Amino acid sequence: MSSTTINMGKIIFYEDRNFQGRSYECMSDCPDTTSVLSRCQSCRVESGCFMVYERPNFMGNQLFMKRGEYADNMSMMGMSSGIRSCRLIPMHRGQFRMRIFERENFSGQSNELVDDCDNIMERLRMSDCMSCSVIDGHWLLFEQPHFRGRMVYLKPGEYRSLREMGISLSRILSMRRIIDIC
């Protein structure tokens, strides 16, 4: 089975809440929104899906945003200092595969996932996920079961130590494929 990745999306950042102040349109990754706006307190996703970050260079708390308006709730979503960078999430058509490991450096108990997992402790009998290899597709990892709490976005690649990547999640206990939601 083949897979297809399509990069299409548009997000508009606004300096102030409620879509006020100067704005900046973005259709790809932006490592530092402060290079074009002094701050970002609201945004509108017109198409596609984006991960937004509270610090430049795709660092700090992350938030998944799909089509919609985000007028005045950055602080409620863990973005107290606003959005400082964003990454376009390509639409992926095809298989999803990820191998997760209980310990860093691909060691300890491992499991392969091809669909969402709402609780790795119950379903897979794993206490944590500290490294992984994303083989196909794009995934969101959550610090709590049932896709709750802070999240992190992973694209295809190898992740030897999720902690050393600057991921500030206390644990990773559930995973969701980014599929048909953008």
# chains A, B, ... in the order shown; residues from 1 in each chain; ligands from 1

call {"tool": "select_by_dssp", "arguments": {"residues": "region 18-164 of chain A", "states": "alpha helix (DSSP H)", "output": "PyMOL selection string"}}
result
chain A and resi 120-124

call {"tool": "residues_around", "arguments": {"residues": "region 151-157 of chain A", "least_positions_apart": "3", "cutoff": "9 Å", "atoms": "only C-alpha atoms", "output": "VMD selection string"}}
result
chain A and resid 51 61 to 64 89 98 132 to 144 147 to 148 167 to 169 172

call {"tool": "select_by_dssp", "arguments": {"residues": "chain A", "states": "strand (DSSP E or B)", "output": "PyMOL selection string"}}
result
chain A and resi 4-6+10-16+20-26+30+42-47+49-55+59-65+68-70+85-89+91-93+97-103+107-113+117+131-136+139-144+148-154+157-159+174-177

call {"tool": "residues_around", "arguments": {"residues": "Ser47 (chain A)", "least_positions_apart": "3", "cutoff": "9 Å", "atoms": "only C-alpha atoms", "output": "NGL selection string"}}
result
:A and (8-11 or 66-68 or 182)

call {"tool": "write_last_selection", "arguments": {"atoms": "N, CA and C atoms", "output": "mmCIF file, in the first residue's frame"}}
result
data_model
loop_
_atom_site.group_PDB
_atom_site.id
_atom_site.type_symbol
_atom_site.label_atom_id
_atom_site.label_comp_id
_atom_site.auth_asym_id
_atom_site.auth_seq_id
_atom_site.Cartn_x
_atom_site.Cartn_y
_atom_site.Cartn_z
ATOM 1 N N MET A 8 -0.733 21.305 2.655
ATOM 2 C CA MET A 8 -1.624 22.426 2.370
ATOM 3 C C MET A 8 -2.198 22.928 3.680
ATOM 4 N N GLY A 9 -2.022 24.199 3.922
ATOM 5 C CA GLY A 9 -2.581 24.765 5.133
ATOM 6 C C GLY A 9 -2.353 26.255 5.175
ATOM 7 N N LYS A 10 -3.178 26.921 5.981
ATOM 8 C CA LYS A 10 -3.044 28.368 6.141
ATOM 9 C C LYS A 10 -3.508 28.744 7.543
ATOM 10 N N ILE A 11 -2.645 29.461 8.244
ATOM 11 C CA ILE A 11 -2.964 29.963 9.574
ATOM 12 C C ILE A 11 -2.654 31.457 9.592
ATOM 13 N N LYS A 66 -6.676 22.629 14.509
ATOM 14 C CA LYS A 66 -7.285 22.335 13.217
ATOM 15 C C LYS A 66 -8.131 23.533 12.811
ATOM 16 N N ARG A 67 -8.778 23.433 11.682
ATOM 17 C CA ARG A 67 -9.571 24.546 11.154
ATOM 18 C C ARG A 67 -10.491 25.119 12.220
ATOM 19 N N GLY A 68 -10.415 26.449 12.396
ATOM 20 C CA GLY A 68 -11.249 27.104 13.389
ATOM 21 C C GLY A 68 -10.652 28.415 13.840
ATOM 22 N N CYS A 182 -7.829 17.048 9.617
ATOM 23 C CA CYS A 182 -7.338 18.342 9.129
ATOM 24 C C CYS A 182 -8.168 18.841 7.982
#

call {"tool": "residues_around", "arguments": {"residues": "Ser110 (chain A)", "least_positions_apart": "3", "cutoff": "10 Å", "atoms": "only C-alpha atoms", "output": "PyMOL selection string"}}
result
chain A and resi 99-103+106-107+113+124+126+129+131-132

call {"tool": "write_last_selection", "arguments": {"atoms": "N, CA, C and O atoms", "output": "PDB file, in the first residue's frame"}}
result
ATOM      1  N   ARG A  99       6.626   2.160  16.380  1.00  0.00           N
ATOM      2  CA  ARG A  99       7.113   1.215  17.377  1.00  0.00           C
ATOM      3  C   ARG A  99       7.507   2.023  18.598  1.00  0.00           C
ATOM      4  O   ARG A  99       8.273   2.957  18.499  1.00  0.00           O
ATOM      5  N   ILE A 100       6.903   1.684  19.748  1.00  0.00           N
ATOM      6  CA  ILE A 100       7.193   2.399  20.982  1.00  0.00           C
ATOM      7  C   ILE A 100       7.987   1.493  21.928  1.00  0.00           C
ATOM      8  O   ILE A 100       7.836   0.273  21.907  1.00  0.00           O
ATOM      9  N   PHE A 101       8.844   2.129  22.747  1.00  0.00           N
ATOM     10  CA  PHE A 101       9.700   1.409  23.681  1.00  0.00           C
ATOM     11  C   PHE A 101       9.542   2.011  25.073  1.00  0.00           C
ATOM     12  O   PHE A 101       9.437   3.229  25.222  1.00  0.00           O
ATOM     13  N   GLU A 102       9.577   1.140  26.054  1.00  0.00           N
ATOM     14  CA  GLU A 102       9.379   1.558  27.437  1.00  0.00           C
ATOM     15  C   GLU A 102      10.551   2.395  27.961  1.00  0.00           C
ATOM     16  O   GLU A 102      10.381   3.248  28.815  1.00  0.00           O
ATOM     17  N   ARG A 103      11.755   2.166  27.433  1.00  0.00           N
ATOM     18  CA  ARG A 103      12.940   2.878  27.891  1.00  0.00           C
ATOM     19  C   ARG A 103      13.613   3.632  26.749  1.00  0.00           C
ATOM     20  O   ARG A 103      13.307   3.415  25.578  1.00  0.00           O
ATOM     21  N   PHE A 106      15.614   2.763  22.500  1.00  0.00           N
ATOM     22  CA  PHE A 106      14.893   1.625  21.930  1.00  0.00           C
ATOM     23  C   PHE A 106      15.092   0.346  22.742  1.00  0.00           C
ATOM     24  O   PHE A 106      15.306  -0.731  22.193  1.00  0.00           O
ATOM     25  N   SER A 107      15.017   0.466  24.067  1.00  0.00           N
ATOM     26  CA  SER A 107      15.194  -0.713  24.919  1.00  0.00           C
ATOM     27  C   SER A 107      13.959  -0.912  25.791  1.00  0.00           C
ATOM     28  O   SER A 107      13.075  -0.078  25.857  1.00  0.00           O
ATOM     29  N   LEU A 113       2.363  -0.074  16.961  1.00  0.00           N
ATOM     30  CA  LEU A 113       1.008   0.452  16.855  1.00  0.00           C
ATOM     31  C   LEU A 113       0.697   0.777  15.407  1.00  0.00           C
ATOM     32  O   LEU A 113       1.542   1.307  14.690  1.00  0.00           O
ATOM     33  N   LEU A 124      -1.407  -2.194  26.546  1.00  0.00           N
ATOM     34  CA  LEU A 124      -0.123  -2.786  26.183  1.00  0.00           C
ATOM     35  C   LEU A 124       0.695  -3.248  27.385  1.00  0.00           C
ATOM     36  O   LEU A 124       1.771  -3.820  27.209  1.00  0.00           O
ATOM     37  N   MET A 126       2.368  -1.423  29.438  1.00  0.00           N
ATOM     38  CA  MET A 126       3.597  -0.642  29.496  1.00  0.00           C
ATOM     39  C   MET A 126       3.389   0.515  30.466  1.00  0.00           C
ATOM     40  O   MET A 126       2.310   1.104  30.495  1.00  0.00           O
ATOM     41  N   CYS A 129       6.411   5.412  27.743  1.00  0.00           N
ATOM     42  CA  CYS A 129       7.034   5.351  26.417  1.00  0.00           C
ATOM     43  C   CYS A 129       8.151   6.388  26.446  1.00  0.00           C
ATOM     44  O   CYS A 129       7.872   7.584  26.530  1.00  0.00           O
ATOM     45  N   SER A 131      11.041   6.120  24.215  1.00  0.00           N
ATOM     46  CA  SER A 131      11.652   6.239  22.888  1.00  0.00           C
ATOM     47  C   SER A 131      10.714   5.587  21.884  1.00  0.00           C
ATOM     48  O   SER A 131       9.865   4.775  22.243  1.00  0.00           O
ATOM     49  N   CYS A 132      10.851   5.967  20.614  1.00  0.00           N
ATOM     50  CA  CYS A 132       9.983   5.384  19.604  1.00  0.00           C
ATOM     51  C   CYS A 132      10.552   5.603  18.208  1.00  0.00           C
ATOM     52  O   CYS A 132      11.435   6.440  18.006  1.00  0.00           O
TER      53      CYS A 132
END

call {"tool": "atom_distance", "arguments": {"atom1": "CA of Ser38 (chain A)", "atom2": "CA of Glu15 (chain A)"}}
result
6.8 Å

call {"tool": "residues_around", "arguments": {"residues": "Arg123 (chain A)", "least_positions_apart": "4", "cutoff": "12 Å", "atoms": "only C-alpha atoms", "output": "PyMOL selection string"}}
result
chain A and resi 111+113+116-119+127+145-146+173-175

call {"tool": "atom_distance", "arguments": {"atom1": "CA of Met59 (chain A)", "atom2": "CA of Ser85 (chain A)"}}
result
8.0 Å
